[in-house]
Amino acid sequence: MSALALFRRLSLQALLVAAVAFLASGLGILTRPEKQLAAFWLTNALLLGLFARRPALASPAGWAAAALGYVAADLLTGTSLPTTLRLTAANLAGVLAGYLLFRHIREEDRRLQHPLSMLGVLAVSATAAVGASVVGSLTSHAMMRMGFLTASGFWFSAELVSYVTILPVVLLAPAPGEVLRDLRDGLHRARQRPLLLMPLVALALTILLGVAIGGPGAIAFPVPALLWCALAYRLFTTAVITALLCMWTLVAIATGLIDLHLQETSVQPVISLRMGMALLAVAPLTVASVNAMRNRLLATLNHTADHDALTNALNRRAFLRRGGDLMAQSHRRSEPVVAMMLDIDHFKSVNDRHGHAAGDAVLATFAQRMRTHLREDGLFGRLGGEEFAVLLPSVDAVSAIAVAERLRALAGEPMPLDDGRILDITVSVGVSAPSTPEGADTLERLLNQADVALYRAKAMGRNRVVANTQ
């Protein structure tokens with residue numbers, strides 16, 4: 001990479017970090033009561049999440065850019081320079097402490113892929129909060145005339161709740177293009193199944209109930225609905241919902257929208273409230289992590305049960321089951337279905353001449369080539385040995401034969417093995433493309449017709465496509 005290109009990349013990265021620090025700090029400052037810390041400060045957690053996901057951003061230029069963003073936001077909102085510098089030092093101390101610990105966290109725990117991953121995030125959050133509180137308590141003492149221990153607890157609780165709620169969102173956030181796609185998919189699912197919105201409706205009702213009733217227990221009203229969301233939605237969605245709920249609750253309490261009816265004038269109830277909100281956020285995210293792991297395990301088990309271990313094609317049982325469903329759907333829509341039977345020519349000689357390991361490699365490579373060429377709405381399965389089958393919906397006879405010829409040509413391309421040898425194989429294909437839906441009203445009949453065409457292809461010299469269009 002040229003020096004100019006490197007400078008340009010580092011400049012863009014630094015600009016990104018500075019922009020995040022400046023904009024997030026400005027948002028936090030808006031929630032800052034006079035001569036107090038912000039009701040919810042998300043900047044530090046955002047920076048730590050960015051640095052953890054993109055270590056390249058945590059360069060000296062990145063840290064300097066973050067400091068510049070903090071300072072600019074405070075100065076532009078009227079904070080004095082000495083206070084600004086002390087606040088910035090505290091913020092960066094917390095981010096640095098969390099970042100140093102995050103370097104020792106496993107990747108699966110960074111992505112909350114394990115039931116105990118959220119405890120790791122909690123440990124990182126507590127470490128970062130301690131780092132900020134040690135430095136920040138000196139500033140808080142000057143700003144709010146608190147004792148050192150009280151100021152430390154006040155700062156620690158504020159940092160902890162922001163890290164615990166915001167950090168998972170940043171760690172789990174998909175790419176911007178994926179966010180839009182997931183949002184469209186979510187809206188589509190909600191239109192198809194309105195009951196999917198019930199957890200959110202329940203959450204909204206419990207929030208309103210907390211506003212109406214108030215009192216110390218108001219912060220716990222949404223917990224059942226929040227756990228319902230954790231079981232109903234994806235991990236990232238749950239993280240976003242949890243973060244928004246915590247932000248809303250803290251800001252609503254700070255502005256008096258939720259009255260906790262606390263008579264004490266000390267800051268101890270505030271510290272307790274923030275600590276409680278932080279620990280409350282751990283529960284739904286842990287439940288969501290466990291649920292996500294369970295879903296992945298079930299998906300793996302289902303995939304293993306339905307797919308051939310060597311070729312990753314559908315096994316015979318799964319192919320026949322899904323094929324029957326595909327036939328039923330196509331008949332309801334009066335759409336044609338085409339079947340193909342594919343058999344690798346002289347496969348026994350491959351095993352005899354090159355060994356069974358080479359034969360397995362041929363089967364795996366052949367299946368992989370076929371899958372990459374077939375449409376997603378089609379089915380591809382291994383029925384046994386070197387025999388494979390394909391089902392394609394909404395395809396006429398002419399198109400089916402063209403697809404079969406492309407598959408045959410693709411299979412005939414040179415096939416390299418791991419040991420450097422190159423094998424040449426051919427495949428015979430039998431196609432069943434009935435001219436009318438009544439020509440093959442069942443999957444068994446359709447496959448039998450394709451099998452008859454396959455044996456004709458073998459009898460005619462192999463390495464060819466023969467179609468049955470009766």
# chains A, B, ... in the order shown; residues from 1 in each chain; ligands from 1
$ residues_around --residues "Ser432 of chain A" --least-positions-apart "5" --cutoff "9 Å" --atoms "only C-alpha atoms" --output "list of chain:residue names"
A:Val337, A:Val338, A:Ala339, A:Met340, A:Met341, A:Ala397, A:Ala400, A:Ala440, A:Leu446, A:Leu447, A:Asn448, A:Gln449, A:Ala450, A:Asp451, A:Val452, A:Ala453, A:Val466, A:Ala467, A:Asn468, A:Thr469, A:Gln470
$ select_by_dssp --residues "segment 79-108 of chain A" --states "alpha helix (DSSP H)" --output "list in words"
Leu81, Pro82, Thr83, Thr84, Leu85, Arg86, Leu87, Thr88, Ala89, Ala90, Asn91, Leu92, Ala93, Gly94, Val95, Leu96, Ala97, Gly98, Tyr99, Leu100, Leu101, Phe102, Glu107 and Glu108 of chain A
$ residues_around --residues "Pro216 of chain A" --least-positions-apart "2" --cutoff "10 Å" --atoms "only C-alpha atoms" --output "list of chain:residue names"
A:Gly210, A:Ile213, A:Gly214, A:Ala218, A:Ile219, A:Ala220, A:Ile258, A:Asp259, A:Leu260, A:His261, A:Leu262, A:Pro269, A:Leu273
$ write_last_selection --atoms "N, CA and C atoms" --output "CSV table (one decimal), in the first residue's frame"
chain,number,residue,atom,x,y,z
A,210,GLY,N,-45.7,1.7,34.1
A,210,GLY,CA,-44.7,2.3,35.0
A,210,GLY,C,-44.8,3.8,35.1
A,213,ILE,N,-48.1,4.5,37.3
A,213,ILE,CA,-48.1,4.1,38.7
A,213,ILE,C,-46.9,4.7,39.4
A,214,GLY,N,-45.7,4.6,38.8
A,214,GLY,CA,-44.5,5.1,39.4
A,214,GLY,C,-44.0,4.3,40.5
A,218,ALA,N,-41.4,0.5,39.5
A,218,ALA,CA,-41.7,0.8,38.1
A,218,ALA,C,-40.7,0.3,37.1
A,219,ILE,N,-39.4,0.3,37.5
A,219,ILE,CA,-38.4,-0.2,36.6
A,219,ILE,C,-38.4,-1.6,36.3
A,220,ALA,N,-39.1,-2.4,37.2
A,220,ALA,CA,-39.2,-3.8,36.9
A,220,ALA,C,-40.5,-4.2,36.2
A,258,ILE,N,-41.1,9.6,35.1
A,258,ILE,CA,-41.4,8.4,36.0
A,258,ILE,C,-41.0,8.9,37.4
A,259,ASP,N,-42.0,8.9,38.3
A,259,ASP,CA,-41.7,9.4,39.7
A,259,ASP,C,-41.5,8.2,40.5
A,260,LEU,N,-40.3,8.0,41.1
A,260,LEU,CA,-40.0,6.8,41.9
A,260,LEU,C,-40.5,7.1,43.4
A,261,HIS,N,-41.0,8.3,43.7
A,261,HIS,CA,-41.4,8.6,45.0
A,261,HIS,C,-40.4,8.4,46.1
A,262,LEU,N,-39.2,8.8,45.7
A,262,LEU,CA,-38.1,8.6,46.7
A,262,LEU,C,-37.9,9.9,47.5
A,269,PRO,N,-29.8,6.6,46.1
A,269,PRO,CA,-30.9,6.0,45.3
A,269,PRO,C,-30.6,6.0,43.8
A,273,LEU,N,-30.3,2.8,41.5
A,273,LEU,CA,-31.1,2.6,40.4
A,273,LEU,C,-30.3,2.2,39.1
$ residues_around --residues "segment 310-320 of chain A" --least-positions-apart "3" --cutoff "7 Å" --atoms "only C-alpha atoms" --output "number ranges by chain"
A: 306-307, 323-324, 363-364, 367, 380-383
$ write_last_selection --atoms "C-alpha atoms" --output "short mmCIF file (atom, residue, chain, number, x, y, z; two decimals), in the first residue's frame"
data_model
loop_
_atom_site.label_atom_id
_atom_site.label_comp_id
_atom_site.auth_asym_id
_atom_site.auth_seq_id
_atom_site.Cartn_x
_atom_site.Cartn_y
_atom_site.Cartn_z
CA ASP A 306 -31.53 -34.00 6.22
CA HIS A 307 -28.17 -33.82 4.43
CA GLY A 323 -39.94 -33.33 -3.14
CA GLY A 324 -43.44 -34.47 -2.21
CA LEU A 363 -18.47 -37.00 -5.12
CA ALA A 364 -18.01 -33.92 -2.90
CA ALA A 367 -22.12 -32.11 -5.66
CA PHE A 380 -30.71 -31.49 -5.11
CA GLY A 381 -30.20 -34.81 -3.38
CA ARG A 382 -28.02 -37.88 -3.25
CA LEU A 383 -30.19 -40.95 -3.61
#
$ residues_around --residues "Glu386 of chain A" --least-positions-apart "2" --cutoff "7 Å" --atoms "only C-alpha atoms" --output "JSON, numbers by chain"
{"A": [343, 344, 347, 384, 388]}
$ residues_around --residues "Arg274 of chain A" --least-positions-apart "5" --cutoff "9 Å" --atoms "only C-alpha atoms" --output "PyMOL selection string"
chain A and resi 154+157-158+160-161+250+269+279
$ residues_around --residues "Arg462 of chain A" --least-positions-apart "2" --cutoff "12 Å" --atoms "only C-alpha atoms" --output "count of residues only"
23
$ closest_residue --among "A:Leu116, A:Ala65, A:Leu197, A:Leu27" --to "Leu10 of chain A" --atoms "only C-alpha atoms"
A:Ala65
$ atom_distance --atom1 "atom CA of Gly131 of chain A" --atom2 "atom CA of Ala90 of chain A"
7.5 Å
